[in-house]
file target-v2.csv (CSV, C-alpha atoms and all ligand atoms)
chain,number,residue,atom,x,y,z
A,1,MET,CA,4.4,12.1,-16.1
A,2,GLY,CA,6.6,9.0,-16.2
A,3,SER,CA,6.4,5.3,-16.7
A,4,VAL,CA,8.7,3.1,-14.6
A,5,GLN,CA,9.9,-0.4,-15.4
A,6,VAL,CA,12.0,-2.6,-13.2
A,7,ASP,CA,13.5,-5.5,-15.0
A,8,GLY,CA,15.1,-8.5,-13.3
A,9,LEU,CA,16.2,-6.4,-10.3
A,10,ILE,CA,18.6,-8.1,-7.9
A,11,LYS,CA,20.1,-6.4,-4.9
A,12,LYS,CA,22.7,-8.0,-2.6
A,13,TYR,CA,24.2,-6.5,0.5
A,14,ASN,CA,27.2,-8.8,1.1
A,15,ASP,CA,25.6,-12.1,2.0
A,16,VAL,CA,22.1,-10.7,2.3
A,17,THR,CA,20.0,-10.9,-0.8
A,18,ALA,CA,17.4,-8.2,-0.3
A,19,LEU,CA,15.9,-8.5,-3.8
A,20,LYS,CA,15.8,-11.8,-5.7
A,21,ASN,CA,14.3,-11.0,-9.1
A,22,VAL,CA,11.9,-8.0,-9.0
A,23,ASN,CA,9.9,-7.1,-12.2
A,24,ILE,CA,7.5,-4.2,-12.3
A,25,ASP,CA,5.8,-2.3,-15.1
A,26,ILE,CA,4.2,0.9,-13.9
A,27,LYS,CA,2.1,3.0,-16.4
A,28,GLU,CA,2.1,6.8,-16.6
A,29,GLY,CA,-0.2,8.3,-14.0
A,30,GLU,CA,-0.6,5.0,-12.1
A,31,PHE,CA,-0.7,4.8,-8.3
A,32,PHE,CA,1.3,1.7,-7.6
A,33,ALA,CA,1.8,0.3,-4.0
A,34,LEU,CA,4.5,-2.0,-2.8
A,35,LEU,CA,3.0,-3.9,0.1
A,36,GLY,CA,4.6,-6.5,2.4
A,37,PRO,CA,5.9,-7.3,5.8
A,38,SER,CA,9.0,-5.7,7.4
A,39,GLY,CA,12.2,-6.7,5.6
A,40,CYS,CA,10.6,-8.0,2.4
A,41,GLY,CA,12.5,-5.5,0.2
A,42,LYS,CA,10.0,-2.7,-0.4
A,43,THR,CA,12.3,0.2,0.6
A,44,THR,CA,15.3,-1.4,-1.3
A,45,THR,CA,13.1,-1.6,-4.5
A,46,MET,CA,12.2,2.1,-4.0
A,47,ARG,CA,15.7,3.2,-3.3
A,48,CYS,CA,17.0,1.4,-6.5
A,49,ILE,CA,14.3,3.3,-8.5
A,50,ALA,CA,15.2,6.6,-6.8
A,51,GLY,CA,19.0,6.0,-7.5
A,52,PHE,CA,20.1,5.8,-3.8
A,53,GLU,CA,21.1,2.2,-4.3
A,54,ASN,CA,22.9,0.5,-7.2
A,55,PRO,CA,21.3,-2.7,-8.4
A,56,THR,CA,23.5,-5.8,-8.2
A,57,ALA,CA,21.8,-6.9,-11.5
A,58,GLY,CA,18.8,-5.7,-13.5
A,59,ASN,CA,17.7,-2.5,-15.1
A,60,ILE,CA,15.5,0.4,-14.0
A,61,TYR,CA,13.7,2.4,-16.7
A,62,ILE,CA,12.1,5.8,-16.3
A,63,ASN,CA,10.2,7.0,-19.3
A,64,ASN,CA,11.6,4.0,-21.2
A,65,LYS,CA,15.2,5.0,-20.6
A,66,VAL,CA,17.6,3.0,-18.6
A,67,VAL,CA,18.6,5.2,-15.6
A,68,ASN,CA,21.0,2.8,-13.8
A,69,LYS,CA,23.9,5.2,-14.4
A,70,ILE,CA,22.0,8.4,-13.8
A,71,PRO,CA,22.5,9.9,-10.3
A,72,ALA,CA,19.5,10.3,-8.0
A,73,ASN,CA,19.3,14.0,-8.4
A,74,LYS,CA,19.0,13.7,-12.2
A,75,ARG,CA,16.3,11.1,-12.2
A,76,ASN,CA,13.5,13.6,-11.8
A,77,CYS,CA,11.9,11.6,-8.9
A,78,GLY,CA,10.2,13.4,-6.0
A,79,MET,CA,10.6,11.7,-2.6
A,80,VAL,CA,8.4,11.8,0.5
A,81,PHE,CA,9.6,9.9,3.6
A,82,GLN,CA,8.0,8.7,6.8
A,83,SER,CA,10.1,11.1,8.7
A,84,TYR,CA,9.1,14.2,6.6
A,85,ALA,CA,12.7,15.3,6.5
A,86,LEU,CA,11.8,19.0,6.5
A,87,PHE,CA,14.2,21.8,7.3
A,88,PRO,CA,13.3,22.6,10.9
A,89,HIS,CA,14.5,26.2,10.8
A,90,TYR,CA,12.6,27.2,7.7
A,91,ASN,CA,9.0,28.1,7.5
A,92,VAL,CA,6.4,26.3,5.3
A,93,PHE,CA,7.0,28.5,2.3
A,94,GLU,CA,10.8,28.3,2.5
A,95,ASN,CA,10.7,24.5,2.8
A,96,VAL,CA,8.6,24.2,-0.4
A,97,ALA,CA,10.5,26.9,-2.2
A,98,TYR,CA,14.0,25.5,-1.4
A,99,GLY,CA,14.2,23.0,-4.3
A,100,LEU,CA,13.1,25.6,-6.8
A,101,THR,CA,15.5,28.3,-5.5
A,102,VAL,CA,18.4,25.9,-5.6
A,103,ARG,CA,17.5,24.8,-9.1
A,104,ASP,CA,17.2,28.5,-10.1
A,105,PHE,CA,20.5,29.2,-8.6
A,106,ASN,CA,22.2,26.2,-10.2
A,107,THR,CA,20.9,26.9,-13.7
A,108,GLY,CA,19.8,30.5,-13.6
A,109,SER,CA,21.7,33.7,-14.0
A,110,PHE,CA,24.9,32.2,-12.6
A,111,GLY,CA,24.9,29.9,-15.6
A,112,LYS,CA,27.8,27.8,-14.5
A,113,LYS,CA,28.3,24.9,-12.2
A,114,VAL,CA,28.4,25.9,-8.5
A,115,SER,CA,30.2,24.1,-5.7
A,116,SER,CA,28.3,22.0,-3.3
A,117,PHE,CA,29.0,24.6,-0.6
A,118,ALA,CA,27.5,27.3,-2.7
A,119,ARG,CA,24.6,25.1,-3.4
A,120,LEU,CA,24.0,24.7,0.3
A,121,MET,CA,24.2,28.4,0.8
A,122,SER,CA,21.9,29.1,-2.1
A,123,LYS,CA,18.9,29.2,0.1
A,124,ARG,CA,20.3,32.4,1.6
A,125,LEU,CA,21.7,33.8,-1.5
A,126,ALA,CA,18.9,33.2,-3.9
A,127,LYS,CA,15.8,35.1,-3.2
A,128,PRO,CA,12.7,33.4,-4.7
A,129,THR,CA,11.6,35.0,-7.9
A,130,LYS,CA,8.0,36.1,-8.4
A,131,GLU,CA,7.5,33.0,-10.6
A,132,ILE,CA,8.8,30.7,-7.8
A,133,GLU,CA,6.6,32.5,-5.3
A,134,LYS,CA,3.5,32.0,-7.4
A,135,LYS,CA,4.3,28.3,-8.0
A,136,VAL,CA,5.0,27.6,-4.3
A,137,MET,CA,1.8,29.3,-3.3
A,138,GLU,CA,-0.2,27.3,-5.9
A,139,VAL,CA,1.2,24.0,-4.6
A,140,LEU,CA,0.5,25.1,-1.0
A,141,GLU,CA,-3.1,25.8,-1.9
A,142,TYR,CA,-3.3,22.4,-3.4
A,143,VAL,CA,-2.3,20.8,-0.1
A,144,GLU,CA,-4.5,23.3,1.7
A,145,LEU,CA,-1.7,25.0,3.5
A,146,GLY,CA,-1.7,28.3,1.8
A,147,HIS,CA,-2.8,30.0,5.0
A,148,LEU,CA,0.1,28.6,6.9
A,149,ALA,CA,2.9,29.6,4.5
A,150,GLU,CA,4.6,31.8,7.1
A,151,ARG,CA,4.4,29.2,9.9
A,152,GLY,CA,7.5,27.4,11.2
A,153,VAL,CA,7.3,23.7,10.3
A,154,ASN,CA,7.9,22.8,13.9
A,155,GLU,CA,4.6,24.5,14.8
A,156,LEU,CA,2.6,22.2,12.5
A,157,SER,CA,0.8,18.9,13.2
A,158,GLY,CA,2.2,15.7,11.8
A,159,GLY,CA,-0.4,15.7,9.0
A,160,GLN,CA,0.4,19.3,8.1
A,161,GLN,CA,4.1,18.5,8.1
A,162,GLN,CA,3.5,15.6,5.8
A,163,ARG,CA,1.6,17.8,3.4
A,164,VAL,CA,4.5,20.2,3.4
A,165,ALA,CA,6.8,17.3,2.4
A,166,LEU,CA,4.3,16.4,-0.3
A,167,ALA,CA,4.2,20.0,-1.6
A,168,ARG,CA,8.0,20.2,-1.5
A,169,ALA,CA,8.2,17.1,-3.8
A,170,LEU,CA,5.3,18.2,-6.1
A,171,VAL,CA,6.6,21.7,-6.7
A,172,LEU,CA,9.5,20.4,-8.7
A,173,GLU,CA,7.1,18.6,-11.0
A,174,PRO,CA,8.9,15.3,-10.9
A,175,SER,CA,8.1,12.5,-13.5
A,176,VAL,CA,7.6,10.1,-10.6
A,177,LEU,CA,6.6,10.5,-7.0
A,178,LEU,CA,8.1,8.0,-4.6
A,179,MET,CA,6.6,7.8,-1.1
A,180,ASP,CA,8.1,5.5,1.6
A,181,GLU,CA,5.7,4.8,4.4
A,182,PRO,CA,4.6,8.5,4.4
A,183,LEU,CA,1.7,8.0,6.8
A,184,SER,CA,3.3,5.7,9.4
A,185,ASN,CA,4.0,8.5,11.9
A,186,LEU,CA,0.4,9.7,11.9
A,187,ASP,CA,-2.4,8.6,14.2
A,188,LYS,CA,-5.2,6.4,12.7
A,189,LYS,CA,-7.7,9.2,12.1
A,190,LEU,CA,-5.2,11.5,10.4
A,191,ARG,CA,-3.9,8.6,8.4
A,192,ASN,CA,-7.3,8.0,6.9
A,193,THR,CA,-7.7,11.7,6.1
A,194,MET,CA,-4.3,11.8,4.5
A,195,ARG,CA,-5.0,8.8,2.4
A,196,THR,CA,-7.8,10.6,0.7
A,197,THR,CA,-5.8,13.8,0.4
A,198,ILE,CA,-2.8,12.1,-1.2
A,199,ARG,CA,-5.1,10.1,-3.6
A,200,ARG,CA,-7.1,13.2,-4.5
A,201,ILE,CA,-3.9,15.2,-5.3
A,202,GLN,CA,-2.3,12.3,-7.2
A,203,GLN,CA,-5.4,12.0,-9.4
A,204,GLU,CA,-5.7,15.7,-10.0
A,205,VAL,CA,-2.0,16.1,-10.8
A,206,GLY,CA,-2.0,12.7,-12.6
A,207,ILE,CA,1.5,12.0,-11.4
A,208,THR,CA,2.9,8.4,-11.5
A,209,THR,CA,3.3,7.4,-7.9
A,210,ILE,CA,5.0,4.5,-6.1
A,211,PHE,CA,3.9,4.1,-2.5
A,212,VAL,CA,5.6,1.8,0.0
A,213,THR,CA,3.6,0.5,2.9
A,214,HIS,CA,3.2,-2.5,5.2
A,215,ASP,CA,-0.5,-1.5,5.8
A,216,GLN,CA,-2.8,-3.5,3.6
A,217,GLU,CA,-5.7,-1.1,4.1
A,218,GLU,CA,-3.6,1.8,3.0
A,219,ALA,CA,-2.4,0.0,-0.1
A,220,MET,CA,-5.8,-1.4,-1.0
A,221,SER,CA,-7.7,1.9,-0.5
A,222,MET,CA,-5.2,4.1,-2.4
A,223,ALA,CA,-3.6,2.2,-5.2
A,224,ASP,CA,-4.6,1.3,-8.7
A,225,ARG,CA,-2.4,-1.7,-8.5
A,226,VAL,CA,-0.6,-3.4,-5.6
A,227,ALA,CA,2.5,-5.6,-5.7
A,228,VAL,CA,2.6,-7.9,-2.6
A,229,MET,CA,6.2,-8.7,-1.7
A,230,LYS,CA,7.7,-11.5,0.4
A,231,GLU,CA,11.3,-12.2,1.0
A,232,GLY,CA,12.7,-10.1,-1.8
A,233,GLU,CA,10.2,-11.2,-4.5
A,234,ILE,CA,6.8,-9.9,-5.8
A,235,ILE,CA,4.4,-12.8,-5.3
A,236,GLN,CA,1.3,-11.1,-6.7
A,237,ASN,CA,0.8,-7.9,-8.7
A,238,ALA,CA,-2.8,-7.0,-9.3
A,239,THR,CA,-5.6,-4.5,-8.7
A,240,PRO,CA,-6.9,-4.3,-5.1
A,241,THR,CA,-10.2,-6.1,-6.1
A,242,GLU,CA,-8.3,-8.9,-7.9
A,243,LEU,CA,-6.0,-9.3,-4.9
A,244,TYR,CA,-8.9,-9.5,-2.5
A,245,SER,CA,-11.2,-11.8,-4.5
A,246,ASN,CA,-8.6,-13.9,-6.2
A,247,PRO,CA,-5.4,-14.1,-4.1
A,248,SER,CA,-2.7,-16.3,-5.5
A,249,SER,CA,-1.7,-17.8,-2.2
A,250,ALA,CA,-2.7,-18.1,1.4
A,251,PHE,CA,0.0,-15.6,2.3
A,252,VAL,CA,-1.6,-12.9,0.0
A,253,ALA,CA,-5.1,-13.8,1.2
A,254,ASP,CA,-4.0,-13.3,4.8
A,255,PHE,CA,-2.1,-10.2,4.1
A,256,VAL,CA,-4.8,-8.4,2.2
A,257,GLY,CA,-7.7,-8.9,4.5
A,258,SER,CA,-8.9,-11.1,7.3
A,259,SER,CA,-9.7,-14.7,6.2
A,260,ASN,CA,-10.9,-18.0,7.3
A,261,ILE,CA,-8.2,-20.4,6.0
A,262,PHE,CA,-8.4,-24.1,6.5
A,263,ASP,CA,-6.5,-27.2,5.2
A,264,GLY,CA,-8.9,-29.1,2.8
A,265,GLU,CA,-8.8,-32.4,1.1
A,266,VAL,CA,-10.4,-32.5,-2.3
A,267,VAL,CA,-13.1,-35.2,-2.6
A,268,LYS,CA,-14.0,-34.5,-6.2
A,269,SER,CA,-13.5,-31.7,-8.7
A,270,THR,CA,-15.5,-31.2,-11.9
A,271,LYS,CA,-15.8,-28.2,-14.3
A,272,GLN,CA,-18.8,-27.0,-12.3
A,273,GLU,CA,-17.8,-27.6,-8.7
A,274,THR,CA,-15.3,-29.0,-6.2
A,275,VAL,CA,-16.2,-30.9,-3.1
A,276,VAL,CA,-13.7,-30.4,-0.3
A,277,LYS,CA,-13.4,-32.0,3.1
A,278,ILE,CA,-12.3,-29.9,6.1
A,279,ASN,CA,-12.1,-32.2,9.2
A,280,GLU,CA,-15.5,-33.9,9.3
A,281,TRP,CA,-17.2,-31.2,7.2
A,282,THR,CA,-17.8,-31.3,3.5
A,283,LEU,CA,-18.2,-28.0,1.6
A,284,LYS,CA,-19.0,-27.3,-2.0
A,285,SER,CA,-17.1,-24.7,-4.0
A,286,THR,CA,-17.9,-23.4,-7.5
A,287,HIS,CA,-14.2,-23.1,-8.1
A,288,THR,CA,-12.1,-25.8,-9.6
A,289,THR,CA,-8.7,-27.2,-8.7
A,290,ASP,CA,-6.4,-29.9,-9.9
A,291,LYS,CA,-4.9,-30.4,-6.5
A,292,ASN,CA,-5.7,-33.1,-3.9
A,293,GLU,CA,-4.9,-30.9,-1.0
A,294,VAL,CA,-5.8,-27.2,-0.9
A,295,LYS,CA,-6.0,-24.2,1.4
A,296,VAL,CA,-9.7,-23.3,1.6
A,297,LEU,CA,-10.2,-19.6,1.9
A,298,ILE,CA,-13.5,-18.0,3.0
A,299,ARG,CA,-13.7,-14.3,3.6
A,300,PRO,CA,-15.7,-13.3,6.7
A,301,GLU,CA,-18.4,-11.5,4.7
A,302,GLY,CA,-18.9,-14.6,2.5
A,303,ILE,CA,-20.7,-16.4,5.4
A,304,ASP,CA,-24.3,-15.8,6.5
A,305,ILE,CA,-25.4,-16.4,10.1
A,306,ALA,CA,-28.8,-16.8,11.7
A,307,SER,CA,-30.2,-18.2,15.0
A,308,GLU,CA,-31.0,-21.9,14.8
A,309,ASN,CA,-34.7,-21.3,14.2
A,310,SER,CA,-34.4,-18.6,11.5
A,311,LEU,CA,-33.8,-18.8,7.8
A,312,VAL,CA,-30.2,-18.7,6.6
A,313,ALA,CA,-29.1,-18.0,3.0
A,314,GLU,CA,-28.7,-21.1,0.8
A,315,GLY,CA,-25.3,-22.7,0.6
A,316,ASN,CA,-23.1,-24.9,2.7
A,317,VAL,CA,-25.2,-24.9,5.9
A,318,LEU,CA,-23.5,-25.9,9.1
A,319,GLU,CA,-24.4,-25.7,12.7
A,320,GLY,CA,-22.3,-24.0,15.3
A,321,LYS,CA,-22.1,-22.0,18.5
A,322,VAL,CA,-21.3,-18.3,18.9
A,323,ILE,CA,-18.2,-17.8,21.1
A,324,LEU,CA,-17.8,-14.0,20.7
A,325,HIS,CA,-19.6,-11.1,19.1
A,326,THR,CA,-17.8,-7.8,18.4
A,327,TYR,CA,-19.8,-4.7,17.5
A,328,LEU,CA,-17.9,-2.8,14.7
A,329,GLY,CA,-20.5,-0.1,13.9
A,330,PRO,CA,-21.9,-1.0,10.4
A,331,ASN,CA,-21.0,-4.7,11.0
A,332,ILE,CA,-20.9,-7.3,13.8
A,333,ARG,CA,-18.1,-9.8,13.8
A,334,TYR,CA,-19.1,-13.2,15.1
A,335,ASP,CA,-16.6,-15.8,16.1
A,336,VAL,CA,-18.4,-19.1,15.7
A,337,LYS,CA,-17.2,-22.6,16.5
A,338,VAL,CA,-18.4,-25.4,14.1
A,339,GLY,CA,-17.0,-28.6,15.6
A,340,GLU,CA,-13.3,-28.0,15.9
A,341,LEU,CA,-13.3,-25.2,13.2
A,342,GLU,CA,-13.5,-21.6,14.1
A,343,PHE,CA,-15.1,-19.2,11.7
A,344,SER,CA,-14.9,-15.4,11.7
A,345,ILE,CA,-18.1,-14.0,10.2
A,346,GLU,CA,-18.8,-10.4,9.3
A,347,HIS,CA,-22.5,-9.7,9.4
A,348,VAL,CA,-24.1,-6.4,8.3
A,349,PHE,CA,-25.7,-4.9,11.4
A,350,VAL,CA,-29.4,-4.2,10.8
A,351,PRO,CA,-30.8,-1.9,13.5
A,352,GLY,CA,-33.5,-3.7,15.5
A,353,GLU,CA,-32.2,-7.2,14.6
A,354,PRO,CA,-31.3,-9.1,17.8
A,355,ILE,CA,-27.6,-9.7,18.2
A,356,LEU,CA,-26.6,-13.3,18.6
A,357,THR,CA,-24.7,-13.8,21.8
A,358,SER,CA,-22.1,-16.2,23.2
A,359,GLY,CA,-23.2,-19.7,23.7
A,360,GLU,CA,-26.1,-19.4,21.2
A,361,THR,CA,-26.6,-22.2,18.7
A,362,VAL,CA,-26.6,-20.8,15.2
A,363,LYS,CA,-26.8,-21.8,11.6
A,364,VAL,CA,-24.0,-20.6,9.3
A,365,SER,CA,-24.2,-20.8,5.5
A,366,VAL,CA,-21.1,-20.5,3.3
A,367,ASP,CA,-21.8,-19.4,-0.3
A,368,PRO,CA,-20.1,-21.9,-2.6
A,369,GLU,CA,-18.9,-19.1,-4.8
A,370,ARG,CA,-17.1,-17.7,-1.8
A,371,VAL,CA,-15.2,-20.9,-1.1
A,372,LEU,CA,-11.8,-20.2,-2.7
A,373,LEU,CA,-9.3,-23.0,-3.2
A,374,LEU,CA,-5.6,-22.1,-3.2
A,401,LIG,P1,10.6,-2.2,6.4
A,401,LIG,O1,9.1,-2.3,6.2
A,401,LIG,O2,10.9,-2.8,7.8
A,401,LIG,O3,11.2,-0.9,6.1
A,401,LIG,P2,11.4,-3.3,3.8
A,401,LIG,O4,10.4,-4.2,3.2
A,401,LIG,O5,11.4,-1.9,3.3
A,401,LIG,O6,11.2,-3.3,5.4
A,401,LIG,P3,14.2,-3.4,3.1
A,401,LIG,O7,14.5,-2.2,4.0
A,401,LIG,O8,14.1,-3.1,1.7
A,401,LIG,O9,12.8,-4.0,3.6
A,401,LIG,O10,15.2,-4.5,3.5
A,401,LIG,C1,15.2,-5.8,2.8
A,401,LIG,C2,16.3,-6.6,3.3
A,401,LIG,O11,17.6,-6.1,3.0
A,401,LIG,C3,16.2,-6.8,4.8
A,401,LIG,O12,16.6,-8.1,5.2
A,401,LIG,C4,17.3,-5.8,5.3
A,401,LIG,O13,17.8,-6.2,6.6
A,401,LIG,C5,18.3,-5.8,4.2
A,401,LIG,N1,19.0,-4.6,4.1
A,401,LIG,C6,18.4,-3.4,3.7
A,401,LIG,N2,19.4,-2.4,3.7
A,401,LIG,C7,20.6,-3.0,4.0
A,401,LIG,C8,21.9,-2.5,4.1
A,401,LIG,N3,22.2,-1.3,3.8
A,401,LIG,N4,22.8,-3.4,4.4
A,401,LIG,C9,22.5,-4.7,4.7
A,401,LIG,N5,21.3,-5.2,4.6
A,401,LIG,C10,20.3,-4.4,4.2

call {"tool": "encode", "arguments": {"input": "target-v2.csv", "output": "structure tokens", "more": "lines below"}}
Ligand code: ATP
result
Amino acid sequence: MGSVQVDGLIKKYNDVTALKNVNIDIKEGEFFALLGPSGCGKTTTMRCIAGFENPTAGNIYINNKVVNKIPANKRNCGMVFQSYALFPHYNVFENVAYGLTVRDFNTGSFGKKVSSFARLMSKRLAKPTKEIEKKVMEVLEYVELGHLAERGVNELSGGQQQRVALARALVLEPSVLLMDEPLSNLDKKLRNTMRTTIRRIQQEVGITTIFVTHDQEEAMSMADRVAVMKEGEIIQNATPTELYSNPSSAFVADFVGSSNIFDGEVVKSTKQETVVKINEWTLKSTHTTDKNEVKVLIRPEGIDIASENSLVAEGNVLEGKVILHTYLGPNIRYDVKVGELEFSIEHVFVPGEPILTSGETVKVSVDPERVLLL
């Protein structure tokens, strides 16, 4: 198990500043996600931690020791990549055993430093010991691939290949597991299954994990903590629930879930409530602000909807017209126009309840507690 700290990390590539001032503190056993749009610096942060990039400034600590000068292969980090990076001519067992046989060869009975050529050849030279065999099979059982140990990796599905890559990293018992977009090559259904598999294994093994992704659902469903990055900086670092219910900016709000975001003008703000004007509409919020102009954020599930003659939950009640309904299984999403404003509303589908259709006049009610002011 390992803790990881990143302190004042700056990385420049000539005139490109990939990382401006990144600070992270990851506890032992934590599952930490780096989330953000393409080019925000997620992979660069990961590569600096792994030792594949030298920071321009700042320190990386693993288990409270500065590792800036320690080469990648001595940092005890396991890596899993989007591309799997398996050895195509080896079978599942050999792929997973490789790292252990090389390590055995390097430090075992030969007892002296071997050349890199010899190291490359070690797979052929070094036969896995009984101990290695046992360990590899144990890890393969963990990722539910024990029965495919003899299979060539090219004869596996994408999900199975990714589990081989995970087993190959885990078998070396690294302090930290680094995963860079590991699920991006998989189809949606498999991605969902793999999320659960990775999370289950991570919790069982208790390994500190850093997971890079641009997929908010992935980060939010898997991680204990998520750092949202933008343009080389971490702009919020919080638990998934904090991020969702208390985003620090409209960017984070938008990135970690669908939102209704409007420009609002503050009419008055007391300790109990704020009154905010959006176009001709006035909404109450139980949140306070010291700003005159705010971004008003309302999550789609924070709004109730009912036909014009039915009862709607108490709150900021407005009248509008349905422009679209989308059936999503457990929920129905309604797009509703209120004057010039467009609200996206997520309504729990109750079997038997009539679905509101396009053109219907409806009442919408926004819970003041769900009116966030950013
Ligand atoms: P993606 O999700 O697309 O992989 P990312 O968030 O991982 O993106 P990085 O790959 O870390 O982003 O890149 C951050 C910035 O640094 C980008 O502007 C990128 O173009 C730049 N960059 C990354 N590697 C290099 C390099 N070797 N040379 C020059 N610029 C680089």

call {"tool": "closest_residue", "arguments": {"input": "target-v2.csv", "among": "A:Ser175, A:Ser259, A:Ser285, A:Asn23", "to": "A:Lys271", "atoms": "all atoms listed in the file"}}
result
A:Ser285

call {"tool": "residues_near_ligand", "arguments": {"input": "target-v2.csv", "ligand": "ligand LIG 401 (chain A)", "cutoff": "10 Å", "atoms": "only C-alpha atoms and all ligand atoms", "output": "number ranges by chain"}}
result
A: 11-19, 34-48, 53, 180-181, 212-215, 229-232

call {"tool": "atom_distance", "arguments": {"input": "target-v2.csv", "atom1": "atom CA of A:Met222", "atom2": "atom CA of A:Arg299"}}
result
21.1 Å

call {"tool": "residues_near_point", "arguments": {"input": "target-v2.csv", "point": "(-17.1, -7.9, 18.4)", "cutoff": "12 Å", "atoms": "only C-alpha atoms", "output": "ChimeraX atom specification"}}
result
/A:322-336,344-347,349,355-358

call {"tool": "atom_distance", "arguments": {"input": "target-v2.csv", "atom1": "atom CA of A:Gly99", "atom2": "atom CA of A:Thr196"}}
result
25.7 Å

call {"tool": "atom_distance", "arguments": {"input": "target-v2.csv", "atom1": "atom CA of A:Glu301", "atom2": "atom CA of A:Lys363"}}
result
15.0 Å

call {"tool": "closest_residue", "arguments": {"input": "target-v2.csv", "among": "A:Ser365, A:Leu374, A:Glu94, A:Leu140", "to": "A:Phe251", "atoms": "all atoms listed in the file"}}
result
A:Leu374

call {"tool": "closest_residue", "arguments": {"input": "target-v2.csv", "among": "A:Ala313, A:Val348, A:Ile10, A:Val275", "to": "A:Lys291", "atoms": "all atoms listed in the file"}}
result
A:Val275

call {"tool": "closest_residue", "arguments": {"input": "target-v2.csv", "among": "A:Gly320, A:Pro128, A:Gly146, A:Pro354", "to": "A:Glu340", "atoms": "all atoms listed in the file"}}
result
A:Gly320

call {"tool": "decode", "arguments": {"input": "target-v2.csv", "residues": "stretch 253-266 of chain A", "atoms": "N, CA and C atoms", "output": "PDB file, in the first residue's frame"}}
result
ATOM      1  N   ALA A 253     -19.793  21.764 -12.467  1.00  0.00           N
ATOM      2  CA  ALA A 253     -21.201  21.345 -12.459  1.00  0.00           C
ATOM      3  C   ALA A 253     -21.564  20.696 -13.778  1.00  0.00           C
ATOM      4  N   ASP A 254     -21.137  21.306 -14.841  1.00  0.00           N
ATOM      5  CA  ASP A 254     -21.471  20.817 -16.168  1.00  0.00           C
ATOM      6  C   ASP A 254     -20.722  19.529 -16.477  1.00  0.00           C
ATOM      7  N   PHE A 255     -19.515  19.445 -15.959  1.00  0.00           N
ATOM      8  CA  PHE A 255     -18.675  18.278 -16.265  1.00  0.00           C
ATOM      9  C   PHE A 255     -19.119  17.035 -15.500  1.00  0.00           C
ATOM     10  N   VAL A 256     -19.665  17.212 -14.314  1.00  0.00           N
ATOM     11  CA  VAL A 256     -20.013  16.041 -13.506  1.00  0.00           C
ATOM     12  C   VAL A 256     -21.528  15.811 -13.439  1.00  0.00           C
ATOM     13  N   GLY A 257     -22.196  16.000 -14.535  1.00  0.00           N
ATOM     14  CA  GLY A 257     -23.615  15.680 -14.564  1.00  0.00           C
ATOM     15  C   GLY A 257     -24.345  16.714 -15.378  1.00  0.00           C
ATOM     16  N   SER A 258     -25.528  16.333 -15.855  1.00  0.00           N
ATOM     17  CA  SER A 258     -26.248  17.314 -16.659  1.00  0.00           C
ATOM     18  C   SER A 258     -26.885  18.337 -15.734  1.00  0.00           C
ATOM     19  N   SER A 259     -26.969  19.545 -16.226  1.00  0.00           N
ATOM     20  CA  SER A 259     -27.410  20.648 -15.369  1.00  0.00           C
ATOM     21  C   SER A 259     -28.227  21.641 -16.166  1.00  0.00           C
ATOM     22  N   ASN A 260     -29.074  22.347 -15.433  1.00  0.00           N
ATOM     23  CA  ASN A 260     -29.682  23.556 -15.980  1.00  0.00           C
ATOM     24  C   ASN A 260     -28.848  24.698 -15.415  1.00  0.00           C
ATOM     25  N   ILE A 261     -28.188  25.435 -16.263  1.00  0.00           N
ATOM     26  CA  ILE A 261     -27.366  26.549 -15.773  1.00  0.00           C
ATOM     27  C   ILE A 261     -27.838  27.837 -16.437  1.00  0.00           C
ATOM     28  N   PHE A 262     -28.178  28.821 -15.603  1.00  0.00           N
ATOM     29  CA  PHE A 262     -28.670  30.105 -16.118  1.00  0.00           C
ATOM     30  C   PHE A 262     -27.874  31.245 -15.495  1.00  0.00           C
ATOM     31  N   ASP A 263     -27.854  32.380 -16.178  1.00  0.00           N
ATOM     32  CA  ASP A 263     -27.287  33.600 -15.582  1.00  0.00           C
ATOM     33  C   ASP A 263     -28.356  34.233 -14.709  1.00  0.00           C
ATOM     34  N   GLY A 264     -28.010  34.535 -13.470  1.00  0.00           N
ATOM     35  CA  GLY A 264     -28.988  35.119 -12.553  1.00  0.00           C
ATOM     36  C   GLY A 264     -28.501  36.416 -11.943  1.00  0.00           C
ATOM     37  N   GLU A 265     -29.483  37.260 -11.605  1.00  0.00           N
ATOM     38  CA  GLU A 265     -29.174  38.545 -10.956  1.00  0.00           C
ATOM     39  C   GLU A 265     -29.717  38.459  -9.533  1.00  0.00           C
ATOM     40  N   VAL A 266     -28.882  38.734  -8.552  1.00  0.00           N
ATOM     41  CA  VAL A 266     -29.332  38.598  -7.164  1.00  0.00           C
ATOM     42  C   VAL A 266     -30.187  39.803  -6.781  1.00  0.00           C
TER      43      VAL A 266
END
